[in-house]
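Here's my_file-v4.cif, which has mmCIF, C-alpha atoms:
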```
data_final
loop_
_atom_site.label_atom_id
_atom_site.label_comp_id
_atom_site.auth_asym_id
_atom_site.auth_seq_id
_atom_site.Cartn_x
_atom_site.Cartn_y
_atom_site.Cartn_z
CA LEU A 1 -11.41 39.35 -64.62
CA THR A 2 -9.69 39.34 -68.00
CA ALA A 3 -10.80 42.10 -70.37
CA ALA A 4 -10.12 43.50 -73.82
CA ALA A 5 -11.80 46.89 -73.51
CA ALA A 6 -12.06 50.34 -75.09
CA ASN A 7 -9.72 49.65 -78.00
CA ARG A 8 -9.99 51.46 -81.34
CA LEU A 9 -8.98 50.00 -84.72
CA THR A 10 -9.17 51.88 -88.02
CA ILE A 11 -8.20 50.34 -91.37
CA SER A 12 -8.35 52.52 -94.48
CA GLY A 13 -6.95 52.81 -97.97
CA ALA A 14 -5.84 49.74 -99.91
CA PRO A 15 -4.23 47.28 -97.47
CA SER A 16 -3.23 43.86 -98.77
CA PHE A 17 -4.51 41.19 -96.35
CA SER A 18 -7.60 39.68 -97.95
CA ASP A 19 -7.45 36.46 -95.89
CA SER A 20 -6.91 38.22 -92.56
CA SER A 21 -9.22 39.01 -89.64
CA ALA A 22 -9.50 42.32 -87.80
CA TYR A 23 -10.42 42.56 -84.09
CA GLY A 24 -11.29 45.60 -82.02
CA GLY A 25 -10.79 43.57 -78.84
CA ARG A 26 -10.00 39.88 -78.42
CA ALA A 27 -9.36 37.52 -75.50
CA ASP A 28 -8.90 33.75 -75.62
CA ALA A 29 -9.13 31.64 -72.46
CA SER A 30 -6.86 28.60 -72.31
CA GLY A 31 -7.97 25.15 -71.12
CA GLY A 32 -9.13 24.75 -67.54
CA THR A 33 -9.58 28.43 -66.72
CA SER A 34 -12.36 29.98 -64.66
CA GLY A 35 -13.48 33.52 -63.84
CA LEU A 36 -14.82 36.17 -66.20
CA TYR A 37 -13.57 37.10 -69.68
CA LEU A 38 -14.91 40.20 -71.42
CA ALA A 39 -14.56 42.13 -74.68
CA THR A 40 -16.29 45.47 -74.15
CA ASN A 41 -16.66 48.90 -75.74
CA ASN A 42 -14.26 48.29 -78.61
CA HIS A 43 -14.58 50.23 -81.88
CA VAL A 44 -13.60 49.16 -85.40
CA THR A 45 -13.82 51.30 -88.55
CA ILE A 46 -13.20 49.82 -92.01
CA ASP A 47 -12.87 52.10 -95.04
CA ILE A 48 -10.93 50.15 -97.66
CA THR A 49 -10.92 49.61 -101.41
CA THR A 50 -9.66 46.02 -101.02
CA SER A 51 -10.95 43.00 -99.06
CA LEU A 52 -10.90 41.39 -95.61
CA TYR A 53 -11.98 37.98 -94.38
CA GLN A 54 -13.50 38.78 -90.96
CA VAL A 55 -14.15 41.83 -88.79
CA PHE A 56 -15.01 41.61 -85.07
CA GLY A 57 -15.89 44.46 -82.75
CA GLY A 58 -15.19 42.21 -79.76
CA SER A 59 -14.44 38.48 -79.59
CA ILE A 60 -14.06 36.08 -76.66
CA SER A 61 -13.31 32.37 -76.90
CA ALA A 62 -12.98 29.85 -74.05
CA ALA A 63 -11.90 26.24 -74.41
CA SER A 64 -14.45 23.44 -74.04
CA ASN A 65 -13.15 22.38 -70.61
CA ASP A 66 -13.26 25.90 -69.14
CA THR A 67 -15.76 27.01 -66.53
CA ALA A 68 -15.20 30.68 -67.34
CA ASP A 69 -18.15 32.96 -68.05
CA VAL A 70 -17.61 35.11 -71.16
CA GLY A 71 -19.20 38.25 -72.54
CA SER A 72 -18.92 40.64 -75.46
CA TYR A 73 -20.77 43.91 -74.79
CA GLY A 74 -21.07 47.39 -76.24
CA ASN A 75 -18.76 46.91 -79.21
CA GLU A 76 -19.20 48.91 -82.42
CA VAL A 77 -18.22 48.19 -86.02
CA THR A 78 -18.46 50.77 -88.81
CA ILE A 79 -18.05 49.69 -92.45
CA ARG A 80 -17.80 52.48 -95.04
CA GLN A 81 -16.48 50.45 -97.95
CA GLY A 82 -14.66 47.21 -98.68
CA THR A 83 -15.38 43.59 -99.60
CA ILE A 84 -15.70 41.46 -96.45
CA GLU A 85 -16.78 37.88 -95.84
CA GLU A 86 -18.03 38.15 -92.23
CA VAL A 87 -18.72 41.02 -89.82
CA TYR A 88 -19.59 40.53 -86.13
CA GLY A 89 -20.44 43.27 -83.68
CA GLY A 90 -19.70 40.90 -80.80
CA ARG A 91 -18.96 37.19 -80.59
CA ALA A 92 -18.37 34.89 -77.60
CA SER A 93 -18.18 31.13 -77.06
CA GLY A 94 -17.40 28.84 -74.14
CA SER A 95 -18.75 26.30 -71.67
CA GLY A 96 -19.93 28.74 -68.99
CA MET A 97 -22.55 31.48 -69.27
CA VAL A 98 -22.20 33.46 -72.50
CA ASP A 99 -23.64 36.94 -73.00
CA VAL A 100 -23.23 38.96 -76.21
CA SER A 101 -25.40 42.05 -75.87
CA GLY A 102 -25.57 45.72 -76.78
CA ASN A 103 -23.33 45.55 -79.85
CA ARG A 104 -23.83 47.71 -82.94
CA ILE A 105 -22.90 47.46 -86.61
CA SER A 106 -23.27 50.43 -88.99
CA ILE A 107 -22.69 49.89 -92.72
CA SER A 108 -22.91 52.62 -95.37
CA GLY A 109 -21.24 50.90 -98.32
CA GLY A 110 -19.22 47.98 -99.59
CA SER A 111 -20.18 44.31 -99.79
CA VAL A 112 -20.45 41.85 -96.88
CA THR A 113 -21.42 38.19 -97.20
CA GLN A 114 -22.55 37.66 -93.58
CA ILE A 115 -23.42 40.24 -90.91
CA ILE A 116 -24.19 39.23 -87.30
CA GLY A 117 -24.76 41.81 -84.58
CA GLY A 118 -24.26 39.39 -81.67
CA ASN A 119 -23.23 35.71 -81.78
CA ALA A 120 -23.30 33.62 -78.58
CA TYR A 121 -22.57 29.91 -78.05
CA SER A 122 -22.37 27.95 -74.77
CA LYS A 123 -21.69 24.26 -74.39
CA HIS A 124 -23.13 23.86 -70.88
CA GLN A 125 -24.83 27.09 -69.76
CA ILE A 126 -27.21 29.84 -70.88
CA ALA A 127 -26.42 31.77 -74.07
CA VAL A 128 -27.79 35.30 -74.50
CA ALA A 129 -27.59 37.77 -77.41
CA ASP A 130 -29.94 40.68 -76.64
CA ASP A 131 -30.12 44.36 -77.59
CA ASN A 132 -27.86 44.20 -80.63
CA ALA A 133 -28.42 46.47 -83.63
CA ILE A 134 -27.53 46.50 -87.33
CA ILE A 135 -28.01 49.68 -89.38
CA ILE A 136 -27.37 49.44 -93.13
CA THR A 137 -27.67 52.53 -95.32
CA GLY A 138 -25.77 51.46 -98.43
CA GLY A 139 -24.01 48.67 -100.28
CA THR A 140 -24.96 45.13 -101.29
CA HIS A 141 -24.96 42.43 -98.61
CA GLU A 142 -26.13 38.93 -97.64
CA ASN A 143 -27.26 36.99 -94.54
CA ILE A 144 -28.19 39.73 -92.07
CA ILE A 145 -28.77 38.40 -88.52
CA ALA A 146 -29.14 40.81 -85.63
CA ALA A 147 -28.47 38.05 -83.06
CA SER A 148 -27.63 34.33 -83.26
CA VAL A 149 -27.57 32.02 -80.22
CA GLN A 150 -26.91 28.38 -79.40
CA SER A 151 -26.54 26.27 -76.25
CA ASP A 152 -26.07 22.52 -76.16
CA SER A 153 -27.52 22.24 -72.65
CA MET A 154 -29.66 25.19 -71.49
CA GLN A 155 -32.05 27.86 -72.72
CA VAL A 156 -31.06 30.70 -75.03
CA SER A 157 -32.29 34.22 -75.70
CA ALA A 158 -32.01 36.49 -78.76
CA SER A 159 -34.44 39.28 -77.94
CA ASN A 160 -34.79 43.06 -78.31
CA ASN A 161 -32.49 43.13 -81.34
CA ALA A 162 -32.97 45.46 -84.29
CA VAL A 163 -32.22 45.77 -88.01
CA TYR A 164 -32.77 48.94 -90.03
CA LEU A 165 -32.30 49.01 -93.82
CA SER A 166 -32.34 51.86 -96.33
CA ASN A 167 -30.70 52.49 -99.70
CA THR A 168 -29.32 48.94 -99.87
CA THR A 169 -29.87 45.53 -101.46
CA VAL A 170 -29.55 42.53 -99.14
CA LYS A 171 -30.29 38.81 -99.26
CA GLY A 172 -32.06 37.48 -96.16
CA VAL A 173 -32.76 39.22 -92.82
CA THR A 174 -33.44 37.73 -89.36
CA GLY A 175 -33.92 39.56 -86.06
CA GLY A 176 -33.32 36.77 -83.53
CA TYR A 177 -32.04 33.34 -84.61
CA SER A 178 -31.50 30.15 -82.59
CA THR A 179 -29.50 27.20 -83.88
CA SER A 180 -30.12 25.15 -80.71
CA THR A 181 -31.69 21.81 -81.61
CA ASP A 182 -33.20 20.70 -78.28
CA THR A 183 -33.06 23.57 -75.77
CA ALA A 184 -35.71 26.28 -75.45
CA ALA A 185 -35.21 29.57 -77.27
CA SER A 186 -36.71 33.00 -76.52
CA LEU A 187 -36.70 35.11 -79.68
CA ASN A 188 -38.94 37.98 -78.68
CA TYR A 189 -39.35 41.73 -79.21
CA ASN A 190 -37.01 41.92 -82.20
CA SER A 191 -37.65 44.61 -84.80
CA ILE A 192 -36.84 44.97 -88.49
CA VAL A 193 -37.46 48.02 -90.69
CA VAL A 194 -37.15 47.77 -94.48
CA GLY A 195 -37.19 51.42 -95.46
CA ALA A 196 -36.61 53.76 -98.37
CA GLU A 197 -34.71 52.30 -101.35
CA ALA A 198 -34.14 49.02 -99.46
CA VAL A 199 -34.58 45.73 -101.33
CA VAL A 200 -34.47 42.31 -99.63
CA THR A 201 -34.16 39.63 -102.30
CA SER A 202 -34.96 36.71 -99.98
CA ASN A 203 -36.89 36.06 -96.73
CA VAL A 204 -37.36 38.27 -93.66
CA HIS A 205 -38.03 36.66 -90.24
CA GLY A 206 -38.43 38.54 -86.97
CA GLY A 207 -37.60 35.47 -84.85
CA ASP A 208 -36.50 32.09 -86.19
CA ALA A 209 -35.69 28.84 -84.33
CA ILE A 210 -34.55 25.70 -86.13
CA GLY A 211 -34.91 23.43 -83.08
CA THR A 212 -37.92 21.15 -82.68
CA GLY A 213 -37.92 20.94 -78.87
CA ASP A 214 -40.62 22.35 -76.60
CA GLY A 215 -40.63 25.79 -75.02
CA ASN A 216 -39.57 27.96 -77.96
CA SER A 217 -41.07 31.41 -78.41
CA ALA A 218 -40.87 33.93 -81.26
CA ALA A 219 -43.37 36.48 -80.02
CA HIS A 220 -43.87 40.25 -79.96
CA ASN A 221 -41.57 40.77 -82.94
CA SER A 222 -42.25 43.64 -85.34
CA ILE A 223 -41.46 44.07 -89.03
CA SER A 224 -42.17 47.23 -91.02
CA VAL A 225 -41.94 47.60 -94.80
CA VAL A 226 -42.27 51.32 -95.46
CA GLN A 227 -41.34 54.18 -97.79
CA GLY A 228 -41.07 51.98 -100.87
CA GLY A 229 -39.11 49.16 -99.24
CA GLN A 230 -39.31 45.79 -101.00
CA ILE A 231 -39.17 42.17 -99.87
CA HIS A 232 -39.05 39.60 -102.67
CA GLY A 233 -39.32 36.55 -100.39
CA GLU A 234 -41.62 35.63 -97.51
CA LEU A 235 -42.26 37.82 -94.47
CA VAL A 236 -42.78 36.07 -91.09
CA GLY A 237 -42.93 37.71 -87.67
CA GLY A 238 -42.17 34.55 -85.68
CA ASN A 239 -41.08 31.26 -87.24
CA LEU A 240 -40.65 27.98 -85.30
CA LYS A 241 -39.77 24.58 -86.72
CA GLY A 242 -41.18 22.92 -83.58
CA ALA A 243 -43.81 23.63 -80.93
CA GLY A 244 -44.01 26.97 -79.16
CA ASP A 245 -45.46 30.46 -78.98
CA VAL A 246 -45.55 32.72 -82.04
CA SER A 247 -48.09 35.21 -80.71
CA TYR A 248 -48.38 39.00 -80.77
CA ASN A 249 -46.07 39.62 -83.69
CA THR A 250 -46.77 42.80 -85.68
CA ILE A 251 -46.30 43.39 -89.40
CA GLN A 252 -46.78 46.78 -91.04
CA ILE A 253 -46.71 47.28 -94.80
CA SER A 254 -47.14 50.93 -95.77
CA ASN A 255 -46.06 52.04 -99.24
CA GLY A 256 -43.95 48.90 -99.46
CA SER A 257 -44.20 45.54 -101.20
CA VAL A 258 -43.81 41.83 -100.37
CA GLY A 259 -43.43 39.26 -103.13
CA SER A 260 -44.45 36.11 -101.27
CA THR A 261 -46.32 34.86 -98.17
CA VAL A 262 -46.92 37.16 -95.20
CA SER A 263 -47.42 35.50 -91.78
CA GLY A 264 -47.58 37.05 -88.34
CA GLY A 265 -46.54 33.79 -86.72
CA ARG A 266 -45.87 30.26 -87.97
CA THR A 267 -45.18 27.04 -86.07
CA ALA A 268 -44.74 23.50 -87.38
CA GLY A 269 -45.71 21.90 -84.05
CA ASP A 270 -48.26 22.41 -81.30
CA GLY A 271 -48.37 25.94 -80.02
CA SER A 272 -50.14 29.27 -80.03
CA ALA A 273 -50.30 31.82 -82.82
CA ASN A 274 -52.36 34.82 -81.76
CA ASN A 275 -51.28 37.76 -83.92
#
```
Take the structure in the file and give it back as structure tokens.
Amino acid sequence: LTAAAANRLTISGAPSFSDSSAYGGRADASGGTSGLYLATNNHVTIDITTSLYQVFGGSISAASNDTADVGSYGNEVTIRQGTIEEVYGGRASGSGMVDVSGNRISISGGSVTQIIGGNAYSKHQIAVADDNAIIITGGTHENIIAASVQSDSMQVSASNNAVYLSNTTVKGVTGGYSTSTDTAASLNYNSIVVGAEAVVTSNVHGGDAIGTGDGNSAAHNSISVVQGGQIHGELVGGNLKGAGDVSYNTIQISNGSVGSTVSGGRTAGDGSANN
């Protein structure tokens, strides 16, 4: 076991490293290694008046010829202010099993171009990014993804992730997202709440898979637009480019507004859509 665990990083004031990356915990496996590599329970707090390139709660990377399993669990990132390109609660990549689950991002101000709660990629095995959460209560941001997964060889899961928005303007929100082109993706039970004083200027998808292979599912996702929340783009509970299951998604609009199409589930191929 190799672990980067229980570290705390705080950056405040006006530091000058706009092209730099900040890590709560980081471990990189060299070529040909095996075993287990973890980044767990790390905490990062950013409260700056300047800029950063990337922020990671926990990050694990294994070379393409490794057989190591990697995981990034239970990491937390807090952004109070600052201009940042990318923020990840947890990220892990390798050739073995990859699990990036239970990470949390809380943002109350600033500007971030891309926010991903959990990001998992495996070349040969299963990739999982479940139970990640993003809570945004201020600032202006883009490209909010609670969990993003990809495997070149086996199935993936981005399920039970959550996004909560209030008092913010953001561009684009997705609960569970799969970039796998041929392997099956499970993007289920994700939840998104667009609440008071929240404005989403683009689309909101509960589950979204770009692959056109069989066996995808984006089911049982829930999206709520409440307390004056606004979505200017389309609202889709489960969205599949190929065949699969987009059933039992739930959309609630109560004292909120949506500026384009509303769909419980949408699939471009053969599949079921019972919402």
For atom CA of Ile84 of chain A and atom CA of Glu142 of chain A, determine how far apart the two atoms are, in Å to one decimal place.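 So the answer is 10.8 Å.
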Do you know which residues are at most 8 Å from Gly215 of chain A counting only C-alpha atoms, after dropping those on the same chain fewer than 3 positions away, and could you put them as a list in words?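 Contacts, in chain order: Thr183, Ala184, Ala185, Ala243, Gly244 and Asp245 of chain A.
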So, counting all atoms listed in the file, which residue among A:Thr181, A:Ser263, A:Ser157, A:Ser191 is closest to Ile134 of chain A?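 Using all atoms listed in the file, the shortest distance to Ile134 of chain A belongs to A:Ser191.
The set of residues that the PyMOL selection byres ((chain A and resi 120) around 8) takes from this file is A:Arg91, A:Ala92, A:Ser93, A:Val98, A:Asp99, A:Val100, A:Gly118, A:Asn119, A:Tyr121, A:Ser122, A:Ala127, A:Val128, A:Ala129, A:Ser148, A:Val149, A:Gln150.
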Between atom CA of Gly90 of chain A and atom CA of Val112 of chain A, what is the distance in Å, rounded to a tenth?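 Atom-to-atom, atom CA of Gly90 of chain A to atom CA of Val112 of chain A, that is 16.1 Å.
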Between A:Gly82, A:Gly242, A:Gly89, A:Gly96, single out the one closest to Gly109 of chain A, counting only C-alpha atoms. A:Gly82
Near-Ser12 of chain A list (7 Å; only C-alpha atoms; drop same-chain fewer than 5 positions) as JSON, numbers by chain: {"A": [46, 47, 48]}
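For the structure in this document, the set picked by the PyMOL selection byres ((chain A and resi 151) around 7) is Tyr121, Ser122, Lys123, His124, Gln125, Ile126, Ala127, Gln150, Asp152, Ser153, Met154, Gln155, Val156 and Ser180 of chain A.
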Evaluate the PyMOL selection byres ((chain A and resi 54-71) around 9) and record the selected residues as number ranges by chain, following the chain and residue labels used in the document. A: 4-5, 19-44, 46, 52-53, 72-77, 84-101, 103-105, 120, 123
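Of the listed residues A:Gly139, A:Asn216, A:Asp182, A:Asp130, the one whose atoms come nearest to Asn161 of chain A is A:Asp130, with distances taken using all atoms listed in the file.
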Provide the atom CA of Ala6 of chain A to atom CA of Gln114 of chain A distance in Å, to one decimal place.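 Going from atom CA of Ala6 of chain A over to atom CA of Gln114 of chain A covers 24.8 Å.
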Which polymer residues have any atom within 12 Å of an atom of Asn221 of chain A, counting only C-alpha atoms, with same-chain residues fewer than 5 positions away left out, as JSON, numbers by chain? {"A": [158, 159, 160, 161, 162, 163, 174, 175, 176, 186, 187, 188, 189, 190, 191, 192, 193, 204, 205, 206, 207, 208, 235, 236, 237, 238, 239, 245, 246, 247, 248, 249, 250, 251, 252, 263, 264, 265, 275]}
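You can rank A:Asn143, A:Asn7, A:Ser217, A:Thr201 by their closest distance to Ser178 of chain A using all atoms listed in the file, and at the top of that list sits A:Ser217.
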Which one of A:Ile210, A:Ile253, A:Ile115, A:Val200 sits closest to Ile231 of chain A if you count only C-alpha atoms?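 The closest residue to Ile231 of chain A is A:Val200.
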Non-local contacts of His232 of chain A (12 Å; only C-alpha atoms; under 5 positions in same chain excluded) as a short mmCIF file (atom, residue, chain, number, x, y, z; two decimals) with C-alpha atoms, keeping the file's coordinate frame:
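Dumped everything to around-v9.cif:
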```cif
data_model
loop_
_atom_site.label_atom_id
_atom_site.label_comp_id
_atom_site.auth_asym_id
_atom_site.auth_seq_id
_atom_site.Cartn_x
_atom_site.Cartn_y
_atom_site.Cartn_z
CA THR A 169 -29.87 45.53 -101.46
CA VAL A 170 -29.55 42.53 -99.14
CA LYS A 171 -30.29 38.81 -99.26
CA GLY A 172 -32.06 37.48 -96.16
CA VAL A 173 -32.76 39.22 -92.82
CA VAL A 194 -37.15 47.77 -94.48
CA ALA A 198 -34.14 49.02 -99.46
CA VAL A 199 -34.58 45.73 -101.33
CA VAL A 200 -34.47 42.31 -99.63
CA THR A 201 -34.16 39.63 -102.30
CA SER A 202 -34.96 36.71 -99.98
CA ASN A 203 -36.89 36.06 -96.73
CA VAL A 204 -37.36 38.27 -93.66
CA VAL A 225 -41.94 47.60 -94.80
CA GLY A 256 -43.95 48.90 -99.46
CA SER A 257 -44.20 45.54 -101.20
CA VAL A 258 -43.81 41.83 -100.37
CA GLY A 259 -43.43 39.26 -103.13
CA SER A 260 -44.45 36.11 -101.27
CA THR A 261 -46.32 34.86 -98.17
CA VAL A 262 -46.92 37.16 -95.20
#
```
Select, from A:Thr113, A:Gln81, A:Gln227, A:Thr212, the residue with the minimum atom-to-atom distance to Asn167 of chain A, counting all atoms listed in the file.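 Checking each of A:Thr113, A:Gln81, A:Gln227, A:Thr212 against Asn167 of chain A, counting all atoms listed in the file, the winner is A:Gln227.
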Since fewer atoms than expected are present, regenerate N, CA, C and O atoms for segment 130-144 of chain A and write them as a JSON list (two decimals), keeping the file's coordinate frame.
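out_25.json, written as the output of this step:
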```json
[["chain", "number", "residue", "atom", "x", "y", "z"],
["A", 130, "ASP", "N", -28.84, 39.71, -76.68],
["A", 130, "ASP", "CA", -29.94, 40.68, -76.64],
["A", 130, "ASP", "C", -29.44, 42.09, -76.96],
["A", 130, "ASP", "O", -28.26, 42.41, -76.77],
["A", 131, "ASP", "N", -30.37, 42.93, -77.44],
["A", 131, "ASP", "CA", -30.12, 44.36, -77.59],
["A", 131, "ASP", "C", -28.99, 44.69, -78.56],
["A", 131, "ASP", "O", -28.27, 45.68, -78.38],
["A", 132, "ASN", "N", -28.82, 43.89, -79.58],
["A", 132, "ASN", "CA", -27.86, 44.20, -80.63],
["A", 132, "ASN", "C", -28.56, 44.90, -81.79],
["A", 132, "ASN", "O", -29.76, 44.73, -82.00],
["A", 133, "ALA", "N", -27.81, 45.69, -82.55],
["A", 133, "ALA", "CA", -28.42, 46.47, -83.63],
["A", 133, "ALA", "C", -27.54, 46.47, -84.87],
["A", 133, "ALA", "O", -26.31, 46.55, -84.78],
["A", 134, "ILE", "N", -28.20, 46.38, -86.03],
["A", 134, "ILE", "CA", -27.53, 46.50, -87.33],
["A", 134, "ILE", "C", -28.23, 47.58, -88.13],
["A", 134, "ILE", "O", -29.45, 47.52, -88.34],
["A", 135, "ILE", "N", -27.47, 48.57, -88.58],
["A", 135, "ILE", "CA", -28.01, 49.68, -89.38],
["A", 135, "ILE", "C", -27.27, 49.69, -90.71],
["A", 135, "ILE", "O", -26.04, 49.87, -90.74],
["A", 136, "ILE", "N", -27.99, 49.49, -91.80],
["A", 136, "ILE", "CA", -27.37, 49.44, -93.13],
["A", 136, "ILE", "C", -28.01, 50.51, -94.00],
["A", 136, "ILE", "O", -29.22, 50.51, -94.21],
["A", 137, "THR", "N", -27.18, 51.41, -94.52],
["A", 137, "THR", "CA", -27.67, 52.53, -95.32],
["A", 137, "THR", "C", -27.00, 52.59, -96.69],
["A", 137, "THR", "O", -27.05, 53.63, -97.35],
["A", 138, "GLY", "N", -26.39, 51.50, -97.11],
["A", 138, "GLY", "CA", -25.77, 51.46, -98.43],
["A", 138, "GLY", "C", -25.04, 50.16, -98.66],
["A", 138, "GLY", "O", -24.76, 49.40, -97.74],
["A", 139, "GLY", "N", -24.76, 49.87, -99.93],
["A", 139, "GLY", "CA", -24.01, 48.67, -100.28],
["A", 139, "GLY", "C", -24.91, 47.50, -100.62],
["A", 139, "GLY", "O", -26.14, 47.59, -100.58],
["A", 140, "THR", "N", -24.26, 46.37, -100.94],
["A", 140, "THR", "CA", -24.96, 45.13, -101.29],
["A", 140, "THR", "C", -24.45, 44.02, -100.39],
["A", 140, "THR", "O", -23.23, 43.76, -100.34],
["A", 141, "HIS", "N", -25.37, 43.34, -99.67],
["A", 141, "HIS", "CA", -24.96, 42.43, -98.61],
["A", 141, "HIS", "C", -25.84, 41.19, -98.56],
["A", 141, "HIS", "O", -26.91, 41.14, -99.18],
["A", 142, "GLU", "N", -25.38, 40.18, -97.78],
["A", 142, "GLU", "CA", -26.13, 38.93, -97.64],
["A", 142, "GLU", "C", -26.18, 38.52, -96.17],
["A", 142, "GLU", "O", -25.34, 38.91, -95.36],
["A", 143, "ASN", "N", -27.18, 37.70, -95.84],
["A", 143, "ASN", "CA", -27.26, 36.99, -94.54],
["A", 143, "ASN", "C", -27.13, 37.95, -93.35],
["A", 143, "ASN", "O", -26.15, 37.92, -92.60],
["A", 144, "ILE", "N", -28.16, 38.76, -93.17],
["A", 144, "ILE", "CA", -28.19, 39.73, -92.07],
["A", 144, "ILE", "C", -28.89, 39.11, -90.87],
["A", 144, "ILE", "O", -30.08, 38.76, -90.95]]
```
